[in-house]
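Here is the structure we will look at.
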Amino acid sequence: MTVDVLSGKSKFDEIINSGNVIFVDFWATWCGPCRMISPVFDKLSEQHKNNPDVHFYKVDIDAEMEIAEEVGVRAVPTFMAFKDGNKIGSFVSAEPKGLQALISQHAGAAKPSAY
């Protein structure tokens with residue numbers, strides 16, 4: 001599974017309202033901890049590659065300020081989980097175990113599938 005770059009408020013709204021569980025990495029190019037945790041987010045996305053109901057995205061907060069403001073990003077890196085347009089979880093840190101816990105907890109909220 002790849003981690004897709006999410007651009008545009010309307011696309012963001014469409015994706016988080018898709019009925020799938022959506023994990024978003026809110027990051028910035030100038031953020032050292034963001035660059036440090038990014039490979040962990042990528043690896044965790046690979047662990048869910050066979051689940052079509054779980055998707056992973058990145059949002060550059062400087063390029064997509066409207067999205068970051070709407071969801072209340074106050075620090076980076078911030079990771080959020082969405083389902084049916086609602087935020088179902090978040091984690092603010094570059095600590096891998098906390099990120100893994102967020103994903104493990106909420107990936108189970110995906111629709112049952114044959115993966």
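Within each chain, counting starts at residue 1; across the structure tokens, chains are named A, B, ... in the order shown, with ligands numbered 1 upward in that order.
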Note to self: as an MDAnalysis selection string, please: every residue in chain A that a backbone DSSP assignment puts in helix (DSSP H, G or I).
What the structure shows: chainID A and resid 9:16 32:47 65:71 96:107
Can I get the selection written as a compact mmCIF listing (two decimals), in the first residue's frame, with N, CA and C atoms?
```txt
# COMPACT_ATOMS: atom_id res chain seq x y z
N LYS A 9 -9.05 20.74 -0.28
CA LYS A 9 -10.08 20.57 0.74
C LYS A 9 -11.22 19.68 0.26
N SER A 10 -11.67 19.85 -0.96
CA SER A 10 -12.79 19.03 -1.45
C SER A 10 -12.38 17.56 -1.55
N LYS A 11 -11.15 17.28 -1.97
CA LYS A 11 -10.67 15.90 -2.03
C LYS A 11 -10.56 15.31 -0.63
N PHE A 12 -10.07 16.10 0.31
CA PHE A 12 -9.98 15.67 1.70
C PHE A 12 -11.36 15.28 2.23
N ASP A 13 -12.34 16.15 2.01
CA ASP A 13 -13.71 15.88 2.47
C ASP A 13 -14.26 14.61 1.84
N GLU A 14 -14.01 14.43 0.56
CA GLU A 14 -14.47 13.23 -0.15
C GLU A 14 -13.85 11.97 0.46
N ILE A 15 -12.57 12.01 0.72
CA ILE A 15 -11.87 10.84 1.24
C ILE A 15 -12.31 10.49 2.65
N ILE A 16 -12.40 11.48 3.54
CA ILE A 16 -12.76 11.14 4.92
C ILE A 16 -14.23 10.74 5.05
N GLY A 32 11.83 18.17 11.44
CA GLY A 32 12.73 17.02 11.57
C GLY A 32 12.04 15.77 12.11
N PRO A 33 11.28 15.88 13.20
CA PRO A 33 10.57 14.69 13.70
C PRO A 33 9.60 14.10 12.68
N CYS A 34 9.02 14.94 11.83
CA CYS A 34 8.12 14.44 10.78
C CYS A 34 8.88 13.53 9.82
N ARG A 35 10.06 13.97 9.43
CA ARG A 35 10.88 13.17 8.51
C ARG A 35 11.33 11.87 9.18
N MET A 36 11.53 11.92 10.50
CA MET A 36 11.98 10.75 11.23
C MET A 36 10.88 9.68 11.34
N ILE A 37 9.62 10.09 11.54
CA ILE A 37 8.52 9.14 11.74
C ILE A 37 7.89 8.71 10.41
N SER A 38 8.14 9.44 9.35
CA SER A 38 7.51 9.14 8.07
C SER A 38 7.74 7.69 7.60
N PRO A 39 8.95 7.14 7.69
CA PRO A 39 9.14 5.75 7.27
C PRO A 39 8.33 4.76 8.12
N VAL A 40 8.08 5.10 9.38
CA VAL A 40 7.28 4.25 10.25
C VAL A 40 5.83 4.24 9.76
N PHE A 41 5.31 5.41 9.42
CA PHE A 41 3.94 5.51 8.89
C PHE A 41 3.83 4.71 7.59
N ASP A 42 4.84 4.82 6.74
CA ASP A 42 4.87 4.06 5.48
C ASP A 42 4.85 2.56 5.76
N LYS A 43 5.66 2.12 6.71
CA LYS A 43 5.75 0.69 7.04
C LYS A 43 4.41 0.19 7.60
N LEU A 44 3.79 0.98 8.46
CA LEU A 44 2.50 0.59 9.02
C LEU A 44 1.43 0.50 7.93
N SER A 45 1.52 1.38 6.94
CA SER A 45 0.56 1.30 5.83
C SER A 45 0.73 -0.01 5.08
N GLU A 46 1.96 -0.46 4.94
CA GLU A 46 2.24 -1.73 4.26
C GLU A 46 1.61 -2.91 5.00
N GLN A 47 1.54 -2.82 6.31
CA GLN A 47 0.95 -3.90 7.10
C GLN A 47 -0.56 -4.04 6.87
N MET A 65 -3.14 24.53 4.28
CA MET A 65 -3.48 25.20 5.54
C MET A 65 -4.97 25.09 5.88
N GLU A 66 -5.82 25.13 4.87
CA GLU A 66 -7.26 25.06 5.11
C GLU A 66 -7.65 23.73 5.76
N ILE A 67 -7.06 22.65 5.29
CA ILE A 67 -7.33 21.33 5.86
C ILE A 67 -6.81 21.28 7.30
N ALA A 68 -5.56 21.69 7.49
CA ALA A 68 -4.95 21.65 8.82
C ALA A 68 -5.74 22.48 9.83
N GLU A 69 -6.20 23.64 9.42
CA GLU A 69 -6.99 24.48 10.31
C GLU A 69 -8.33 23.84 10.64
N GLU A 70 -8.99 23.27 9.63
CA GLU A 70 -10.30 22.67 9.87
C GLU A 70 -10.26 21.53 10.88
N VAL A 71 -9.22 20.70 10.83
CA VAL A 71 -9.15 19.57 11.74
C VAL A 71 -8.41 19.89 13.04
N PRO A 96 7.08 6.10 17.65
CA PRO A 96 6.54 5.01 16.84
C PRO A 96 5.49 4.13 17.55
N LYS A 97 5.69 3.84 18.81
CA LYS A 97 4.74 2.95 19.51
C LYS A 97 3.36 3.59 19.63
N GLY A 98 3.32 4.88 19.86
CA GLY A 98 2.04 5.58 19.94
C GLY A 98 1.33 5.60 18.60
N LEU A 99 2.09 5.80 17.54
CA LEU A 99 1.51 5.78 16.19
C LEU A 99 0.98 4.39 15.87
N GLN A 100 1.75 3.38 16.21
CA GLN A 100 1.31 2.01 15.97
C GLN A 100 0.04 1.70 16.75
N ALA A 101 -0.05 2.18 17.98
CA ALA A 101 -1.25 1.96 18.80
C ALA A 101 -2.48 2.62 18.17
N LEU A 102 -2.32 3.85 17.67
CA LEU A 102 -3.43 4.55 17.02
C LEU A 102 -3.94 3.74 15.84
N ILE A 103 -3.03 3.28 15.01
CA ILE A 103 -3.43 2.54 13.81
C ILE A 103 -4.03 1.18 14.17
N SER A 104 -3.43 0.49 15.11
CA SER A 104 -3.97 -0.81 15.52
C SER A 104 -5.37 -0.67 16.10
N GLN A 105 -5.57 0.36 16.90
CA GLN A 105 -6.88 0.57 17.53
C GLN A 105 -7.96 0.85 16.50
N HIS A 106 -7.67 1.68 15.51
CA HIS A 106 -8.72 2.15 14.61
C HIS A 106 -8.81 1.40 13.29
N ALA A 107 -7.79 0.66 12.92
CA ALA A 107 -7.89 -0.14 11.69
C ALA A 107 -9.00 -1.17 11.85
```
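Residues of stretch 2-97 of chain A that DSSP places in strand (DSSP E), based on the backbone of this structure, are Asp4, Val5, Val21, Ile22, Phe23, Val24, Asp25, Phe26, Trp27, Val54, His55, Phe56, Tyr57, Lys58, Val59, Asp60, Thr78, Phe79, Met80, Ala81, Phe82, Lys83, Asn86, Lys87, Ile88, Gly89, Ser90, Phe91 and Val92 of chain A.
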Could you take the residues named above and write them with C-alpha atoms, as a short mmCIF file (atom, residue, chain, number, x, y, z; two decimals), in the first residue's frame?
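Final file, selection11.cif:
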```cif
data_model
loop_
_atom_site.label_atom_id
_atom_site.label_comp_id
_atom_site.auth_asym_id
_atom_site.auth_seq_id
_atom_site.Cartn_x
_atom_site.Cartn_y
_atom_site.Cartn_z
CA ASP A 4 -0.86 9.07 -1.02
CA VAL A 5 -0.39 12.82 -0.82
CA VAL A 21 -10.93 4.20 7.83
CA ILE A 22 -8.55 6.97 6.79
CA PHE A 23 -5.23 7.64 8.52
CA VAL A 24 -3.64 11.02 7.83
CA ASP A 25 -0.10 12.14 8.61
CA PHE A 26 -0.09 15.94 8.99
CA TRP A 27 3.51 17.02 8.48
CA VAL A 54 -8.07 1.19 5.35
CA HIS A 55 -6.18 3.99 3.57
CA PHE A 56 -3.17 6.17 4.41
CA TYR A 57 -2.51 9.78 3.36
CA LYS A 58 -0.11 12.64 4.02
CA VAL A 59 -1.03 16.30 4.22
CA ASP A 60 1.63 19.01 4.10
CA THR A 78 -0.03 14.93 14.03
CA PHE A 79 -1.71 11.72 12.98
CA MET A 80 -5.48 11.44 12.74
CA ALA A 81 -7.92 8.66 11.99
CA PHE A 82 -11.25 9.38 10.28
CA LYS A 83 -14.32 7.31 9.45
CA ASN A 86 -15.64 11.99 11.84
CA LYS A 87 -12.30 12.07 13.59
CA ILE A 88 -12.12 8.80 15.53
CA GLY A 89 -8.61 9.19 16.92
CA SER A 90 -5.44 11.24 16.94
CA PHE A 91 -1.85 11.14 18.10
CA VAL A 92 0.63 14.03 18.28
#
```
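Distances to A:Cys31 were evaluated for A:Asp84, A:Val76, A:Thr2, A:Asn17 using only C-alpha atoms, and the minimum falls at A:Val76.
Compared by their closest atoms to A:Asn51, and using only C-alpha atoms, the residues A:Ser18, A:Gly108, A:Gly85, A:Val3 rank with A:Gly108 nearest.
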